[in-house]
file query27.txt (compact mmCIF, C-alpha atoms and all ligand atoms)
# COMPACT_ATOMS: atom_id res chain seq x y z
CA MET A 1 15.43 7.70 -28.34
CA LYS A 2 13.94 9.97 -25.71
CA LEU A 3 13.48 9.35 -22.00
CA ILE A 4 11.96 11.63 -19.37
CA PHE A 5 14.08 11.81 -16.21
CA ALA A 6 11.91 12.36 -13.13
CA SER A 7 14.03 15.22 -11.78
CA ASN A 8 15.07 18.81 -12.37
CA ASN A 9 18.35 18.44 -10.47
CA ALA A 10 20.87 20.08 -12.81
CA TYR A 11 23.81 18.10 -11.39
CA LYS A 12 22.08 14.76 -11.78
CA LEU A 13 20.99 15.70 -15.32
CA ARG A 14 24.57 16.60 -16.21
CA GLU A 15 25.86 13.30 -14.81
CA PHE A 16 23.27 11.25 -16.69
CA ARG A 17 23.73 13.18 -19.93
CA SER A 18 27.49 12.74 -19.71
CA ALA A 19 26.94 8.97 -19.13
CA VAL A 20 24.65 8.42 -22.12
CA GLY A 21 26.44 10.78 -24.53
CA SER A 22 24.58 11.14 -27.81
CA LYS A 23 22.92 7.74 -27.54
CA MET A 24 19.71 9.13 -26.15
CA GLU A 25 17.99 12.34 -25.24
CA ILE A 26 17.26 12.89 -21.56
CA ILE A 27 14.43 15.31 -20.89
CA SER A 28 14.06 16.96 -17.49
CA LEU A 29 10.66 17.26 -15.83
CA ALA A 30 10.53 20.98 -16.64
CA GLU A 31 11.37 20.25 -20.30
CA ALA A 32 8.57 17.67 -20.34
CA GLY A 33 6.19 20.38 -19.05
CA ILE A 34 5.63 18.63 -15.72
CA GLN A 35 5.53 20.89 -12.67
CA LYS A 36 5.16 18.68 -9.65
CA GLU A 37 7.03 17.99 -6.44
CA ILE A 38 7.16 14.21 -6.36
CA PRO A 39 6.96 12.74 -2.85
CA GLU A 40 9.48 10.19 -1.56
CA PRO A 41 7.31 8.64 1.16
CA PHE A 42 8.86 5.17 1.55
CA ASP A 43 11.62 3.59 3.63
CA THR A 44 13.52 2.10 0.72
CA LEU A 45 15.29 3.70 -2.22
CA LYS A 46 13.65 1.18 -4.52
CA GLU A 47 10.09 2.05 -3.50
CA ASN A 48 10.81 5.78 -3.72
CA ALA A 49 12.36 5.42 -7.17
CA LYS A 50 9.37 3.35 -8.24
CA ILE A 51 6.69 5.83 -7.08
CA LYS A 52 8.55 8.68 -8.78
CA ALA A 53 8.74 6.82 -12.10
CA GLN A 54 5.11 5.70 -11.85
CA THR A 55 3.98 9.28 -11.12
CA ILE A 56 5.83 10.66 -14.15
CA HIS A 57 4.66 7.82 -16.34
CA GLN A 58 1.07 8.72 -15.46
CA LEU A 59 1.49 12.50 -15.71
CA SER A 60 3.21 12.25 -19.09
CA GLY A 61 0.45 10.10 -20.54
CA GLY A 62 2.52 6.92 -20.69
CA GLU A 63 5.91 8.17 -21.95
CA ASN A 64 9.03 6.12 -21.36
CA CYS A 65 10.76 7.52 -18.28
CA PHE A 66 13.11 6.80 -15.43
CA SER A 67 13.70 8.05 -11.93
CA GLU A 68 16.39 7.58 -9.36
CA ASP A 69 16.74 7.74 -5.61
CA THR A 70 20.07 7.94 -3.87
CA GLY A 71 21.14 7.49 -0.27
CA LEU A 72 24.37 7.75 1.67
CA GLU A 73 24.86 4.76 3.99
CA VAL A 74 27.33 5.32 6.82
CA ASP A 75 28.48 2.18 8.68
CA ALA A 76 29.22 3.84 12.04
CA LEU A 77 25.67 5.30 12.01
CA GLY A 78 24.00 1.95 11.37
CA GLY A 79 23.36 2.81 7.72
CA GLU A 80 21.96 6.30 8.34
CA PRO A 81 21.17 8.72 6.78
CA GLY A 82 20.38 6.18 4.01
CA VAL A 83 16.95 6.70 2.52
CA HIS A 84 16.61 9.81 4.73
CA SER A 85 19.69 11.50 3.23
CA ALA A 86 17.86 14.44 1.63
CA ARG A 87 16.11 15.54 4.83
CA TYR A 88 18.68 14.27 7.33
CA ALA A 89 18.90 17.67 9.10
CA GLY A 90 15.19 18.41 8.57
CA GLU A 91 13.37 21.02 6.52
CA PRO A 92 14.11 23.18 4.62
CA VAL A 93 16.51 20.84 2.82
CA SER A 94 20.06 22.15 3.12
CA ALA A 95 23.23 20.37 2.03
CA GLU A 96 25.30 22.43 4.51
CA ASN A 97 23.07 21.45 7.44
CA ASN A 98 23.07 17.80 6.36
CA ILE A 99 26.87 17.78 6.22
CA ARG A 100 27.15 19.54 9.59
CA LYS A 101 24.83 17.00 11.20
CA LEU A 102 26.72 14.09 9.62
CA LEU A 103 30.12 15.34 10.78
CA ARG A 104 28.76 15.92 14.30
CA ALA A 105 27.20 12.46 14.39
CA LEU A 106 30.49 10.85 13.38
CA ALA A 107 32.54 13.14 15.66
CA ASP A 108 36.02 11.63 15.85
CA SER A 109 34.93 8.11 14.96
CA THR A 110 37.75 6.27 13.19
CA ASN A 111 35.25 4.17 11.24
CA ARG A 112 34.39 6.56 8.36
CA ARG A 113 33.31 3.81 5.91
CA ALA A 114 30.29 4.80 3.77
CA ARG A 115 28.74 4.26 0.39
CA PHE A 116 26.38 6.00 -1.99
CA ILE A 117 23.67 3.78 -3.40
CA THR A 118 21.56 4.78 -6.40
CA LEU A 119 18.42 2.96 -7.43
CA ILE A 120 17.05 3.66 -10.89
CA CYS A 121 13.53 2.70 -11.91
CA LEU A 122 12.93 2.62 -15.66
CA ILE A 123 9.44 2.38 -17.11
CA LEU A 124 9.73 1.26 -20.69
CA GLU A 125 6.65 0.48 -22.70
CA GLY A 126 4.71 0.20 -19.45
CA ARG A 127 7.04 -2.26 -17.68
CA GLU A 128 9.28 -1.52 -14.70
CA TYR A 129 12.99 -2.32 -14.49
CA PHE A 130 15.46 -1.57 -11.66
CA PHE A 131 19.19 -0.87 -11.75
CA GLU A 132 21.52 -0.30 -8.79
CA GLY A 133 24.90 1.42 -8.57
CA ARG A 134 27.19 1.77 -5.54
CA CYS A 135 30.24 3.79 -4.70
CA GLU A 136 32.30 2.84 -1.65
CA GLY A 137 34.32 5.43 0.20
CA GLN A 138 34.90 7.32 3.41
CA ILE A 139 33.49 10.38 5.13
CA LEU A 140 36.13 13.09 5.47
CA ARG A 141 36.61 14.97 8.74
CA SER A 142 35.89 18.32 7.08
CA PRO A 143 34.42 19.44 3.73
CA ALA A 144 36.75 19.79 0.73
CA GLY A 145 35.93 21.19 -2.72
CA THR A 146 33.16 23.24 -4.30
CA GLU A 147 31.98 21.09 -7.24
CA GLY A 148 28.95 18.82 -7.25
CA PHE A 149 26.14 18.83 -4.71
CA GLY A 150 24.75 17.26 -1.55
CA TYR A 151 27.33 15.33 0.46
CA ASP A 152 30.02 15.58 -2.24
CA PRO A 153 32.41 17.76 -0.15
CA VAL A 154 32.71 15.12 2.59
CA PHE A 155 32.80 11.96 0.46
CA LEU A 156 36.14 10.46 -0.54
CA PRO A 157 35.55 7.65 -3.04
CA ASP A 158 37.85 4.62 -2.80
CA GLY A 159 40.69 4.95 -5.30
CA SER A 160 40.65 8.76 -5.28
CA HIS A 161 42.70 11.23 -3.23
CA LYS A 162 40.12 13.94 -3.93
CA SER A 163 36.60 14.32 -2.56
CA PHE A 164 33.67 14.16 -4.99
CA ALA A 165 33.46 17.96 -4.70
CA GLU A 166 37.08 18.31 -5.85
CA LEU A 167 36.32 16.34 -9.03
CA ASN A 168 34.53 17.71 -12.10
CA ALA A 169 31.46 15.84 -13.40
CA GLU A 170 33.52 13.74 -15.80
CA GLU A 171 36.04 12.75 -13.12
CA LYS A 172 33.27 12.01 -10.60
CA ASN A 173 31.64 9.76 -13.17
CA LYS A 174 34.66 7.40 -13.05
CA PHE A 175 33.59 6.47 -9.52
CA SER A 176 29.98 7.52 -9.26
CA HIS A 177 27.16 5.31 -7.96
CA ARG A 178 24.82 7.15 -10.34
CA ARG A 179 27.11 6.45 -13.28
CA LYS A 180 27.26 2.74 -12.43
CA ALA A 181 23.47 2.52 -12.26
CA ALA A 182 23.24 4.57 -15.49
CA ASP A 183 25.66 2.20 -17.24
CA LEU A 184 23.40 -0.74 -16.37
CA LEU A 185 20.38 1.22 -17.62
CA ILE A 186 22.14 2.05 -20.89
CA ALA A 187 23.36 -1.52 -21.37
CA TYR A 188 19.79 -2.71 -20.94
CA LEU A 189 18.37 -0.08 -23.30
CA LYS A 190 20.94 -1.10 -25.90
CA THR A 191 19.59 -4.64 -25.87
CA ARG A 192 16.06 -3.30 -26.33
CA LEU A 193 16.12 -0.19 -28.43
CA ILE A 194 19.45 1.21 -29.46
CA GLN A 195 20.64 -1.06 -32.24
P1 LIG B 1 17.85 12.27 -3.75
O1 LIG B 1 18.11 11.05 -4.52
O2 LIG B 1 17.87 13.49 -4.62
O3 LIG B 1 16.64 12.17 -2.87
O4 LIG B 1 19.10 12.47 -2.83
C1 LIG B 1 19.18 12.12 -1.48
C2 LIG B 1 20.25 12.94 -0.79
O5 LIG B 1 21.52 12.47 -1.18
C3 LIG B 1 20.22 14.43 -1.08
O6 LIG B 1 20.63 15.11 0.08
C4 LIG B 1 21.24 14.60 -2.15
O7 LIG B 1 21.81 15.88 -2.10
C5 LIG B 1 22.24 13.53 -1.77
N1 LIG B 1 22.91 13.01 -2.96
C6 LIG B 1 22.36 12.30 -3.97
N2 LIG B 1 23.29 12.01 -4.89
C7 LIG B 1 24.44 12.54 -4.43
C8 LIG B 1 25.75 12.58 -4.96
O8 LIG B 1 26.08 12.08 -6.04
N3 LIG B 1 26.67 13.23 -4.21
C9 LIG B 1 26.37 13.82 -3.01
N4 LIG B 1 25.17 13.82 -2.49
C10 LIG B 1 24.20 13.18 -3.19

call {"tool": "encode", "arguments": {"input": "query27.txt", "output": "structure tokens", "more": "lines below"}}
Ligand code: IMP
result
Amino acid sequence: MKLIFASNNAYKLREFRSAVGSKMEIISLAEAGIQKEIPEPFDTLKENAKIKAQTIHQLSGGENCFSEDTGLEVDALGGEPGVHSARYAGEPVSAENNIRKLLRALADSTNRRARFITLICLILEGREYFFEGRCEGQILRSPAGTEGFGYDPVFLPDGSHKSFAELNAEEKNKFSHRRKAADLLIAYLKTRLIQ
């Protein structure tokens, strides 16, 4: 089966493709011939995931598709940057600037507890379904590693002695919020389509 993923983020595509294996084909927006910056105008991950999936569903002429929105929730910052994670340090979007702002905001706080939350919205045969995955961990005091993207260099998942950016995609997937949400998506699809 084939699903359009409402993103061109190469890292996210790799993580999803590694999660689903050969069970289904995941098509990026570019591969689906869709050239559009999809807005994320809402204050919740769920609403943003939903508008992205609905937009792609419309633009593709009703194809099955899914989207995801992810945020990093930091306890000592009252849950920020959360849904604002992508543009935390403003425009243009820069992972380095986001990390710098986050480390400054936390300063020498001893409470480094944080979690990634991924919301997936699937539109299958015109109906919407939501799946959530979480990864608990801590914000490091300085970046470590060069793999991955976004906040990976400063996120230490519980149960690992390496940051996300020190793990390859397969290793990250043992802990990843996105992988957990993807597993729920796949389990659901199995009950519906993959027999
Ligand atoms: P979005 O879901 O692409 O809007 O991501 C929101 C923000 O979180 C962006 O700054 C991403 O770079 C970051 N982000 C999303 N997923 C991850 C991840 O798995 N690791 C690190 N940063 C992430």

call {"tool": "residues_around", "arguments": {"input": "query27.txt", "residues": "Lys36 (chain A)", "least_positions_apart": "4", "cutoff": "10 Å", "atoms": "all atoms listed in the file", "output": "list in words"}}
result
Ala6, Ser7, Leu29, Ala30, Thr55, Ile56 and Leu59 of chain A

call {"tool": "closest_atom_pairs", "arguments": {"input": "query27.txt", "of": "chain A", "to": "ligand LIG 1 (chain B)", "cutoff": "6 Å", "atoms": "all atoms listed in the file", "output": "CSV"}}
result
residue,atom,partner,partner_atom,distance
A:Asp69,CA,B:LIG1,O1,3.7
A:Thr70,CA,B:LIG1,O1,3.7
A:Gly71,CA,B:LIG1,O5,5.1
A:Ser85,CA,B:LIG1,C2,4.3
A:Ala86,CA,B:LIG1,O6,3.2
A:Phe149,CA,B:LIG1,C9,5.3
A:Gly150,CA,B:LIG1,O7,3.3
A:Tyr151,CA,B:LIG1,C9,3.9
A:Asp152,CA,B:LIG1,C9,4.1

call {"tool": "closest_residue", "arguments": {"input": "query27.txt", "among": "A:Gly126, A:Gly90, A:Gly148, A:Pro153", "to": "His57 (chain A)", "atoms": "only C-alpha atoms"}}
result
A:Gly126

call {"tool": "closest_residue", "arguments": {"input": "query27.txt", "among": "A:Arg192, A:Lys50, A:His84, A:His177", "to": "Pro157 (chain A)", "atoms": "all atoms listed in the file"}}
result
A:His177

call {"tool": "atom_distance", "arguments": {"input": "query27.txt", "atom1": "CA of Asn9 (chain A)", "atom2": "CA of Ser28 (chain A)"}}
result
8.4 Å

call {"tool": "atom_distance", "arguments": {"input": "query27.txt", "atom1": "CA of Ala165 (chain A)", "atom2": "CA of Ala144 (chain A)"}}
result
6.6 Å

call {"tool": "closest_residue", "arguments": {"input": "query27.txt", "among": "A:Lys190, A:Ala53, A:Gly78, A:Glu147", "to": "Glu170 (chain A)", "atoms": "all atoms listed in the file"}}
result
A:Glu147

call {"tool": "residues_around", "arguments": {"input": "query27.txt", "residues": "Ile27 (chain A)", "least_positions_apart": "4", "cutoff": "12 Å", "atoms": "only C-alpha atoms", "output": "list in words"}}
result
Met1, Lys2, Leu3, Ile4, Phe5, Ala6, Ser7, Asn8, Asn9, Ala10, Lys12, Leu13, Arg14, Phe16, Arg17, Glu31, Ala32, Gly33, Ile34, Ile56, Ser60, Glu63, Asn64, Cys65, Phe66 and Ser67 of chain A
